[in-house]
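One file, protein.txt, is given below (compact mmCIF, C-alpha atoms).
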```
# COMPACT_ATOMS: atom_id res chain seq x y z
CA MET A 1 42.38 49.87 143.00
CA TRP A 2 44.09 52.30 140.62
CA ARG A 3 40.98 53.93 139.16
CA ASN A 4 38.25 55.75 141.05
CA THR A 5 34.87 54.10 141.60
CA ASP A 6 31.53 55.59 142.64
CA GLU A 7 32.48 54.83 146.24
CA SER A 8 36.21 55.26 146.42
CA TYR A 9 39.24 57.12 145.14
CA GLY A 10 41.84 54.96 143.38
CA TRP A 11 45.58 55.04 143.89
CA VAL A 12 46.21 57.31 140.89
CA THR A 13 43.97 60.03 142.33
CA ILE A 14 45.32 59.52 145.86
CA LEU A 15 48.99 59.66 144.84
CA PHE A 16 48.44 62.71 142.63
CA HIS A 17 46.57 64.41 145.48
CA TRP A 18 49.19 63.89 148.18
CA ALA A 19 52.25 64.45 146.00
CA ILE A 20 50.92 67.76 144.72
CA ALA A 21 49.52 68.75 148.12
CA ILE A 22 52.87 68.27 149.88
CA LEU A 23 54.85 70.02 147.13
CA PHE A 24 52.35 72.88 146.84
CA LEU A 25 52.29 73.47 150.59
CA CYS A 26 56.11 73.41 150.78
CA GLN A 27 56.23 75.98 148.00
CA ILE A 28 54.33 78.62 149.96
CA PRO A 29 56.88 79.07 152.80
CA LEU A 30 59.70 78.57 150.32
CA GLY A 31 58.29 81.31 148.11
CA TYR A 32 57.96 83.54 151.16
CA LEU A 33 61.59 82.87 152.09
CA THR A 34 62.80 83.90 148.64
CA GLN A 35 61.45 87.35 149.48
CA ALA A 36 62.61 87.38 153.10
CA THR A 37 66.27 86.59 152.42
CA GLU A 38 67.19 89.64 150.39
CA ASN A 39 70.04 90.41 152.79
CA ARG A 40 71.52 86.94 152.20
CA PRO A 41 71.81 86.92 148.40
CA ALA A 42 73.61 83.57 148.02
CA LEU A 43 70.96 81.80 150.10
CA GLN A 44 68.22 83.70 148.28
CA PHE A 45 69.57 82.54 144.92
CA GLU A 46 69.61 78.91 146.07
CA LEU A 47 66.08 79.17 147.49
CA TYR A 48 64.84 80.61 144.21
CA GLN A 49 66.28 77.68 142.29
CA TRP A 50 64.64 75.15 144.65
CA HIS A 51 61.37 77.08 144.42
CA LYS A 52 61.51 77.06 140.62
CA SER A 53 62.47 73.37 140.42
CA ILE A 54 59.68 72.27 142.76
CA GLY A 55 57.26 74.57 140.91
CA PHE A 56 58.03 72.90 137.59
CA LEU A 57 57.59 69.51 139.27
CA VAL A 58 54.17 70.62 140.55
CA LEU A 59 53.25 71.72 137.03
CA ALA A 60 54.50 68.42 135.57
CA LEU A 61 52.22 66.55 138.00
CA ALA A 62 49.27 68.95 137.96
CA VAL A 63 48.69 68.89 134.21
CA PRO A 64 48.32 65.08 133.90
CA ARG A 65 46.30 65.16 137.12
CA LEU A 66 43.89 67.65 135.59
CA ILE A 67 43.50 65.41 132.55
CA TRP A 68 43.05 62.40 134.86
CA VAL A 69 40.36 64.17 136.85
CA LEU A 70 38.49 65.01 133.66
CA LEU A 71 38.67 61.41 132.46
CA THR A 72 37.88 59.53 135.62
CA VAL A 73 34.71 59.20 137.70
CA LYS A 74 34.43 61.02 141.02
CA PRO A 75 33.14 59.16 144.06
CA ARG A 76 29.71 60.25 145.24
CA PRO A 77 29.54 62.57 148.26
CA LEU A 78 29.21 60.67 151.50
CA PRO A 79 25.75 60.27 153.04
CA LYS A 80 24.68 63.15 155.30
CA THR A 81 26.56 65.65 153.10
CA THR A 82 24.30 68.63 152.55
CA ARG A 83 23.84 70.08 149.10
CA LEU A 84 25.61 73.29 150.17
CA GLU A 85 28.56 71.33 151.55
CA ALA A 86 28.80 69.31 148.35
CA ILE A 87 28.80 72.44 146.18
CA ALA A 88 31.34 74.18 148.42
CA ALA A 89 33.63 71.15 148.44
CA ARG A 90 33.36 70.64 144.68
CA THR A 91 34.10 74.35 144.04
CA ALA A 92 37.10 74.33 146.38
CA HIS A 93 38.45 71.14 144.78
CA LEU A 94 38.06 72.63 141.29
CA VAL A 95 39.74 75.93 142.27
CA LEU A 96 42.62 74.11 143.96
CA LEU A 97 42.99 71.85 140.95
CA LEU A 98 43.23 74.86 138.63
CA LEU A 99 45.58 76.74 140.97
CA THR A 100 48.04 73.85 141.04
CA VAL A 101 48.39 74.50 137.30
CA LEU A 102 48.03 78.30 137.27
CA VAL A 103 50.40 79.13 140.15
CA PRO A 104 53.41 77.36 138.59
CA LEU A 105 52.46 78.76 135.19
CA ALA A 106 52.51 82.27 136.68
CA GLY A 107 55.88 81.46 138.28
CA TRP A 108 57.19 80.35 134.88
CA ALA A 109 55.92 83.68 133.51
CA VAL A 110 57.92 85.54 136.21
CA ALA A 111 61.12 83.71 135.25
CA SER A 112 60.39 84.32 131.56
CA ALA A 113 59.59 88.03 131.94
CA SER A 114 62.53 88.82 134.22
CA PRO A 115 65.31 90.89 132.62
CA LEU A 116 67.71 88.83 134.74
CA ARG A 117 67.09 85.91 132.34
CA ILE A 118 68.19 83.36 134.93
CA PRO A 119 67.77 79.96 133.29
CA SER A 120 65.21 77.56 134.76
CA TYR A 121 67.49 74.57 135.35
CA VAL A 122 65.15 72.13 137.07
CA PHE A 123 67.00 70.24 139.80
CA ASN A 124 70.16 70.93 137.76
CA LEU A 125 68.95 68.31 135.32
CA VAL A 126 66.96 69.93 132.55
CA VAL A 127 66.69 73.46 131.18
CA ILE A 128 63.11 74.65 130.74
CA PRO A 129 62.94 77.32 128.03
CA PRO A 130 61.28 80.63 128.90
CA LEU A 131 57.77 81.44 127.75
CA PRO A 132 57.74 83.77 124.73
CA PHE A 133 57.73 87.04 126.69
CA THR A 134 59.78 90.14 126.07
CA PRO A 135 61.66 90.54 129.35
CA SER A 136 60.94 93.77 131.19
CA GLU A 137 60.87 94.84 134.80
CA ARG A 138 57.21 95.87 134.45
CA GLN A 139 56.21 92.45 133.17
CA GLU A 140 58.25 90.78 135.88
CA ILE A 141 56.52 92.79 138.62
CA PHE A 142 53.09 92.13 137.10
CA TRP A 143 53.60 88.36 136.93
CA SER A 144 55.22 88.31 140.37
CA ASN A 145 52.07 89.90 141.79
CA VAL A 146 49.83 87.46 139.91
CA HIS A 147 51.97 84.55 141.14
CA ALA A 148 51.87 85.75 144.75
CA VAL A 149 48.13 86.47 144.81
CA LEU A 150 47.30 83.08 143.27
CA ALA A 151 49.74 81.24 145.55
CA TYR A 152 48.68 82.86 148.81
CA GLY A 153 45.02 82.63 147.75
CA GLY A 154 45.55 78.96 146.98
CA GLY A 155 47.25 78.52 150.34
CA MET A 156 44.22 79.95 152.13
CA ILE A 157 41.80 77.74 150.20
CA ALA A 158 44.06 74.74 150.94
CA LEU A 159 43.95 75.66 154.64
CA VAL A 160 40.14 75.71 154.58
CA HIS A 161 40.23 72.40 152.68
CA ILE A 162 42.50 70.85 155.35
CA LEU A 163 40.34 72.15 158.18
CA ALA A 164 37.23 70.79 156.47
CA ALA A 165 38.86 67.38 156.05
CA LEU A 166 39.87 67.37 159.74
CA ARG A 167 36.32 68.39 160.73
CA HIS A 168 34.98 65.42 158.82
CA HIS A 169 37.53 63.09 160.38
CA ILE A 170 37.53 64.30 163.98
CA LEU A 171 34.10 65.84 164.56
CA LEU A 172 31.83 64.10 162.07
CA ARG A 173 33.83 60.85 162.14
CA ASP A 174 33.06 60.04 158.52
CA ALA A 175 35.28 58.58 155.77
CA THR A 176 36.01 61.82 153.89
CA LEU A 177 39.70 61.92 154.84
CA ILE A 178 40.15 58.15 155.02
CA ARG A 179 39.02 57.62 151.45
CA MET A 180 41.76 60.00 150.26
CA LEU A 181 44.32 57.92 152.17
CA ARG A 182 43.63 54.52 150.66
CA PRO A 183 41.18 52.97 148.19
CA HIS A 184 38.10 51.37 149.71
CA ARG A 185 38.19 47.57 149.67
CA ASP A 186 34.89 45.96 148.82
CA MET B 187 76.20 90.01 124.10
CA LEU B 188 76.07 93.04 121.77
CA HIS B 189 78.75 94.43 123.98
CA GLY B 190 80.76 91.22 123.35
CA SER B 191 80.46 91.45 119.58
CA LEU B 192 81.47 95.13 119.60
CA LEU B 193 84.48 94.21 121.68
CA SER B 194 85.37 91.38 119.30
CA GLY B 195 85.12 93.79 116.39
CA ALA B 196 87.36 96.27 118.15
CA VAL B 197 89.84 93.53 118.94
CA ALA B 198 89.87 92.38 115.31
CA MET B 199 90.55 95.93 114.12
CA LEU B 200 93.31 96.32 116.65
CA LEU B 201 94.81 93.00 115.63
CA LEU B 202 94.81 94.07 112.00
CA SER B 203 96.40 97.38 112.79
CA GLY B 204 98.95 95.62 114.95
CA ALA B 205 99.80 93.27 112.11
CA ALA B 206 100.48 96.24 109.88
CA TRP B 207 103.11 97.58 112.30
CA ALA B 208 104.43 94.12 113.07
CA ASP B 209 106.05 95.26 116.31
CA THR B 210 107.50 92.62 118.55
CA LEU B 211 107.48 92.49 122.32
CA ALA B 212 111.18 93.39 122.31
CA ASP B 213 110.42 96.51 120.23
CA VAL B 214 107.96 97.84 122.79
CA ALA B 215 110.05 97.20 125.90
CA GLY B 216 109.65 99.81 128.59
CA ARG B 217 107.63 100.71 131.66
CA TYR B 218 103.96 101.45 131.23
CA ALA B 219 101.14 102.52 133.46
CA ILE B 220 97.90 100.82 132.54
CA ALA B 221 95.62 103.51 131.13
CA PRO B 222 91.99 104.09 132.15
CA SER B 223 91.07 103.68 128.47
CA SER B 224 91.68 99.93 128.84
CA ALA B 225 88.63 97.65 128.77
CA ILE B 226 88.57 94.96 131.43
CA SER B 227 85.75 92.80 130.14
CA PHE B 228 84.54 89.45 131.39
CA SER B 229 81.80 86.97 130.70
CA VAL B 230 80.31 83.99 132.48
CA GLY B 231 78.35 81.50 130.40
CA GLN B 232 75.06 80.04 131.53
CA VAL B 233 73.35 76.74 130.89
CA GLY B 234 71.24 76.84 127.74
CA GLY B 235 73.29 79.64 126.17
CA GLY B 236 73.94 83.30 126.88
CA GLY B 237 75.26 84.47 130.20
CA ILE B 238 76.46 87.50 132.08
CA SER B 239 79.01 89.87 130.65
CA GLY B 240 80.40 93.03 132.10
CA LYS B 241 83.32 95.29 132.77
CA PHE B 242 85.41 96.60 135.62
CA PRO B 243 85.85 100.34 134.98
CA LYS B 244 88.12 100.97 137.99
CA PHE B 245 91.60 99.50 137.85
CA SER B 246 95.26 100.36 137.82
CA GLY B 247 98.52 98.63 137.16
CA THR B 248 101.90 98.60 135.54
CA ILE B 249 103.64 96.67 132.79
CA GLU B 250 107.44 96.47 132.77
CA LEU B 251 108.75 94.85 129.63
CA ASP B 252 112.42 94.01 130.01
CA PRO B 253 114.23 95.06 126.81
CA GLY B 254 116.88 92.37 127.09
CA ASN B 255 114.77 89.51 128.33
CA ILE B 256 110.99 89.45 128.01
CA GLY B 257 110.96 86.58 130.50
CA ARG B 258 112.04 89.03 133.19
CA SER B 259 109.11 91.34 132.54
CA ARG B 260 106.61 92.11 135.26
CA VAL B 261 102.94 92.93 135.41
CA THR B 262 100.91 94.20 138.33
CA PHE B 263 97.22 94.82 138.17
CA THR B 264 94.57 95.85 140.66
CA LEU B 265 90.89 96.20 140.02
CA ALA B 266 87.96 97.32 142.14
CA PRO B 267 85.29 94.59 142.03
CA GLY B 268 82.80 97.08 143.44
CA SER B 269 82.98 98.99 140.16
CA VAL B 270 81.56 96.09 138.15
CA THR B 271 79.03 97.00 135.48
CA THR B 272 76.77 94.59 133.60
CA GLY B 273 73.91 96.77 132.42
CA GLU B 274 71.58 95.23 135.03
CA ALA B 275 71.56 96.88 138.46
CA ARG B 276 70.33 93.76 140.31
CA VAL B 277 73.10 91.63 138.82
CA GLU B 278 75.67 94.25 139.82
CA LYS B 279 74.30 94.39 143.36
CA PHE B 280 74.49 90.60 143.56
CA LEU B 281 78.06 90.53 142.25
CA ARG B 282 79.17 93.18 144.77
CA SER B 283 77.48 91.40 147.65
CA ASP B 284 79.01 88.76 149.92
CA ALA B 285 77.54 86.13 147.57
CA VAL B 286 80.30 86.90 145.06
CA PHE B 287 82.98 89.61 145.42
CA ASP B 288 82.10 90.78 148.92
CA ALA B 289 83.39 94.14 147.75
CA ALA B 290 82.81 95.80 151.12
CA ALA B 291 85.22 93.41 152.87
CA TYR B 292 87.56 92.87 149.90
CA PRO B 293 87.64 96.10 147.90
CA SER B 294 90.37 95.02 145.50
CA ILE B 295 91.43 92.08 143.37
CA THR B 296 95.12 91.96 142.54
CA PHE B 297 97.34 90.16 140.08
CA ARG B 298 101.13 90.01 140.39
CA SER B 299 103.09 88.25 137.68
CA ILE B 300 105.61 85.63 138.71
CA ARG B 301 106.70 84.53 135.25
CA VAL B 302 106.36 85.85 131.72
CA THR B 303 106.94 83.40 128.89
CA GLN B 304 107.28 84.64 125.34
CA LEU B 305 105.22 82.43 123.04
CA ASP B 306 106.04 84.16 119.77
CA SER B 307 107.26 87.57 118.66
CA SER B 308 104.12 89.37 119.81
CA THR B 309 102.54 87.03 122.36
CA ALA B 310 103.43 86.14 125.92
CA ALA B 311 101.92 83.99 128.63
CA ILE B 312 101.79 85.75 131.98
CA ASP B 313 101.63 83.53 135.03
CA GLY B 314 100.94 85.22 138.29
CA ILE B 315 99.17 85.19 141.60
CA LEU B 316 95.59 86.35 141.55
CA ALA B 317 94.30 87.39 144.96
CA ALA B 318 90.58 87.79 145.43
CA ARG B 319 88.29 87.58 148.42
CA GLY B 320 91.13 86.60 150.73
CA LYS B 321 92.31 83.71 148.56
CA SER B 322 95.32 83.52 146.26
CA ARG B 323 95.95 81.24 143.36
CA GLN B 324 98.19 81.01 140.34
CA GLU B 325 96.51 81.98 137.09
CA ARG B 326 97.63 82.43 133.49
CA PHE B 327 96.73 85.12 131.01
CA THR B 328 97.87 85.40 127.41
CA ALA B 329 98.78 88.84 126.08
CA THR B 330 99.13 89.68 122.41
CA LEU B 331 100.63 92.94 121.27
CA VAL B 332 98.21 94.69 118.95
CA LYS B 333 99.37 98.29 118.73
CA TYR B 334 102.29 100.51 119.58
CA ASP B 335 102.89 104.15 118.70
CA GLY B 336 106.15 104.80 120.45
CA ARG B 337 104.49 105.97 123.68
CA ASN B 338 101.31 103.94 124.05
CA VAL B 339 101.00 100.19 123.78
CA THR B 340 97.91 98.03 123.46
CA PHE B 341 97.60 94.38 124.35
CA HIS B 342 94.74 91.97 123.88
CA VAL B 343 94.73 89.88 127.02
CA VAL B 344 92.65 86.76 127.54
CA GLY B 345 92.40 84.25 130.35
CA ASP B 346 90.00 81.87 132.04
CA VAL B 347 89.67 81.96 135.81
CA LEU B 348 87.73 79.46 137.91
CA ARG B 349 85.36 81.01 140.44
CA SER B 350 85.28 78.18 142.95
CA PRO B 351 88.86 78.52 144.33
CA TYR B 352 87.96 82.06 145.39
CA GLY B 353 84.72 81.09 147.07
CA MET B 354 82.68 82.77 144.34
CA ASP B 355 81.00 79.73 142.86
CA VAL B 356 77.46 80.75 143.77
CA GLY B 357 75.03 79.91 141.00
CA THR B 358 76.94 76.95 139.57
CA PRO B 359 76.04 74.93 137.56
CA ILE B 360 73.43 77.35 136.19
CA TYR B 361 76.27 79.77 135.62
CA SER B 362 79.63 78.45 134.52
CA ASN B 363 82.41 78.12 137.05
CA VAL B 364 84.70 79.76 134.48
CA VAL B 365 85.05 83.51 134.14
CA LYS B 366 86.36 84.39 130.71
CA PHE B 367 88.41 87.58 130.65
CA ASP B 368 88.79 89.32 127.31
CA MET B 369 90.61 92.56 127.87
CA ILE B 370 92.12 95.41 125.90
CA VAL B 371 94.96 96.65 128.08
CA GLN B 372 96.48 99.94 127.07
CA GLY B 373 99.69 101.17 128.61
CA ARG B 374 101.27 104.60 128.64
CA LYS B 375 105.04 104.93 129.04
CA PHE B 376 106.32 106.54 132.20
```
Show me, as structure tokens, the structure contained in the file I just sent.
Amino acid sequence: MWRNTDESYGWVTILFHWAIAILFLCQIPLGYLTQATENRPALQFELYQWHKSIGFLVLALAVPRLIWVLLTVKPRPLPKTTRLEAIAARTAHLVLLLLTVLVPLAGWAVASASPLRIPSYVFNLVVIPPLPFTPSERQEIFWSNVHAVLAYGGGMIALVHILAALRHHILLRDATLIRMLRPHRD
Amino acid sequence: MLHGSLLSGAVAMLLLSGAAWADTLADVAGRYAIAPSSAISFSVGQVGGGGISGKFPKFSGTIELDPGNIGRSRVTFTLAPGSVTTGEARVEKFLRSDAVFDAAAYPSITFRSIRVTQLDSSTAAIDGILAARGKSRQERFTATLVKYDGRNVTFHVVGDVLRSPYGMDVGTPIYSNVVKFDMIVQGRKF
């Protein structure tokens, strides 16, 4: 039940998937709002801290998930899946998996490179030290752009991923989405 | 922080020079206008070490030291929060905004003493009403005489002020709720 099998995802994979998916998808509008609230600086500051805290939580989940994915078996594609679909799905899954690590890492780089040196105080519980960057506005802008491109790119891939899952569930009526909701019982 | 250590060094030198003169508060009694050469410095600590430090370059005020009774002395002080400098333009913009000082709506912060208590020959506690951002509260600063040349007087003034009573507690607990003032206040007799 906890581990994947050739036929089914286990609870570890399922819980990692949905926890990171929900947090990652919340981060995109939250990240957008940090840029859209410049005329409300107090709110903007609070939004930034929530965005950073959730980002570190995503990173804390995404790294063990990546290790888990490398260690565990992956269920076989469902029957009727074409070779092209299987390659596309596998590529999208791999890119999303990497982005859930890279996007928060790039965000950490932004906080570390910023001359503002605002501490990363995750959920007001623990201080995450900055990465060993020399703070400069140029570095901050560079990493902000990297962070935004990766995040919005990841958001678009996630959207395609969601639409593909819905296509399988609604149009093709197969178990693609269902098997990411609960482990298959033999 | 470099700024802080330079200030500390300056304060130490002033304290030493003050000790050499050994003037007392009674010796320097008189009416003084606070000079622009004063340094109104502050710092706010942050979690994990470091913090924000800066100065208010625009201010004015008076010091009236009663020759017969230091306890009857009076201090008034006004500063322009919009003049704040920290060395980082974005921090200054944030501090001036309605998130902190709301300098557009509240262009001045004032302090009016209500009681001066002599602590020793050269030190006094100054209790007074600090008014900022439409809110008033009693605060205490401690002033130590460090230099006097017959016309100009220098005090080292320190005091801790909470941000939250003035509605300026944005950023807590990342940034401390306590603003530490460490000021060199110079007065010129008038």
Find, counting all atoms listed in the file, the residue in A:Ala158, A:Leu71, A:Ala89, A:Val146 that gets nearest to Ile22 of chain A.
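The closest residue to Ile22 of chain A is A:Ala158.
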Might you pull out every residue within 12 Å of segment 123-131 of chain A, with all atoms listed in the file counted and same-chain residues fewer than 2 positions away left off, and present them as a ChimeraX atom specification?
/A:46-57,60,105-121,133-135 /B:232-235,357-361
Just how far from atom CA of Val103 of chain A is atom CA of Phe24 of chain A, in Å to one decimal?
9.4 Å
Which polymer residues have any atom within 9 Å of an atom of Arg65 of chain A, counting all atoms listed in the file, with same-chain residues fewer than 6 positions away left out, as a PyMOL selection string?
chain A and resi 12-13+16-17+97
Option closest in space to Ser229 of chain B, from B:Gly254, B:Gly353, B:Gly345, B:Gly373 [counting all atoms listed in the file]:
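Once distances to Ser229 of chain B are computed over all atoms listed in the file, the minimum belongs to B:Gly345.
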With all atoms listed in the file as the basis for distance, which of B:Thr271, B:Thr330, B:Ser283, B:Thr262 is at the shortest distance from Ile300 of chain B?
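Distance minimum relative to Ile300 of chain B lands on B:Thr262.
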Using only C-alpha atoms, which residues sit within 10 Å of Leu25 of chain A once same-chain residues fewer than 5 positions away are excluded, as an MDAnalysis selection string?
chainID A and resid 20 30 151 154:155 158:159
Select, from A:Asn39, A:Ser8, A:Gln139, A:Thr176, the residue with the minimum atom-to-atom distance to chain B, counting only C-alpha atoms.
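The closest residue to chain B is A:Asn39.
Those DNA, RNA and protein residues that approach the point (26.1, 61.1, 152.8) to within 12 Å, considering all atoms listed in the file, are A:Glu7, A:Pro75, A:Arg76, A:Pro77, A:Leu78, A:Pro79, A:Lys80, A:Thr81, A:Thr82, A:Arg83, A:Glu85, A:Ala86, A:His168, A:Leu172, A:Asp174, A:Ala175, A:Thr176.
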For segment 342-352 of chain B, take all atoms listed in the file, fit an axis-aligned box around them, add 5 Å to each of the six sides, then output centre and edge lengths in Å rounded to one decimal, as JSON.
```
{"center_x": 90.0, "center_y": 85.1, "center_z": 134.6, "size_x": 19.5, "size_y": 23.8, "size_z": 31.5}
```
For a quick check of understanding, using only C-alpha atoms, which of A:Arg173, A:Pro41, A:Arg138, A:Leu99 has the smallest distance to Glu278 of chain B?
A:Pro41
Using only C-alpha atoms: which of B:Arg337, B:Arg258, B:Arg323, B:His342 has the shortest distance to Thr296 of chain B:
B:Arg323
Considering all atoms listed in the file, return as JSON, numbers by chain whatever protein or nucleic-acid residues lie within 10 Å of Asn255 of chain B, sequence-local ones (same chain, fewer than 4 positions apart) excluded.
{"B": [211, 212, 215, 251, 259, 302, 303, 304]}
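As for atom CA of Gly257 of chain B and atom CA of Glu325 of chain B, they are spaced 16.5 Å apart.
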Set the distance at 8 Å and use only C-alpha atoms: which residues neighbour Ala311 of chain B once local chain neighbours fewer than 2 positions away are removed? I'd like the list as a ChimeraX atom specification.
/B:302-305,309,313,326-329
Suppose you want the space between atom CA of Leu331 of chain B and atom CA of Ile256 of chain B; what is it in Å?
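About the pair atom CA of Leu331 of chain B and atom CA of Ile256 of chain B: they are 12.8 Å apart.
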